[in-house]
Amino acid sequence: MSEPRTSIVILNWNQKDDTAKCLKSLEKLLYKNYGIIVVDNGSKDGSPDFLKNNFSNITLIKNEENLGFAEGSNIGIRHALSVGTDYVLLLNNDLVVQEDFLGILVEAAEKDSKIGILGAVNY
């Protein structure tokens, strides 16, 4: 049985260094069937070019202005759903993840079809 497809949506706004650390940690994931969508919310610090040039494994969506957390995230979610995904994970750009976290979340979701939302503990 193949792993369900998961889309990781990360919102960035003028925090390319934090976002880069987050993306680096995602490169170590044990779970492999995922894609990363970075939604840049109108950054003025060169974030879009920096992220696209340093992380070829991401889909970058550039908003012309800061649309806020909710709408920025919704843009990423809509894109994920349009390309076909089983799960969407909203991930704060200032998090560094453990290599097994995504597999644990997907496994929990797959065990019970009544589960509609999951969250991880952040330290």
# chains A, B, ... in the order shown; residues from 1 in each chain; ligands from 1
>>> select_by_dssp(residues="chain A", states="alpha helix (DSSP H)", output="count of residues only")
46
>>> residues_around(residues="Ile117 (chain A)", least_positions_apart="3", cutoff="10 Å", atoms="only C-alpha atoms", output="list in words")
Tyr87, Val88, Leu89, Leu105, Ala109 and Lys114 of chain A
>>> residues_around(residues="Ser25 (chain A)", least_positions_apart="5", cutoff="8 Å", atoms="only C-alpha atoms", output="list of chain:residue names")
A:Val96, A:Val97, A:Gln98, A:Glu99
>>> residues_around(residues="Lys62 (chain A)", least_positions_apart="2", cutoff="10 Å", atoms="only C-alpha atoms", output="list in words")
Asn12, Val38, Val39, Asp40, Asn41, Gly42, Ser43, Ser47, Pro48, Thr59, Leu60, Glu64, Glu65, Asn66 and Gly72 of chain A
>>> closest_residue(among="A:Leu95, A:Ile58, A:Ile75, A:Ala120", to="Ile37 (chain A)", atoms="only C-alpha atoms")
A:Ile58
>>> atom_distance(atom1="CA of Asn53 (chain A)", atom2="CA of Phe101 (chain A)")
26.5 Å
>>> closest_residue(among="A:Asn74, A:Asn33, A:Asn92, A:Asn122", to="Lys21 (chain A)", atoms="only C-alpha atoms")
A:Asn92
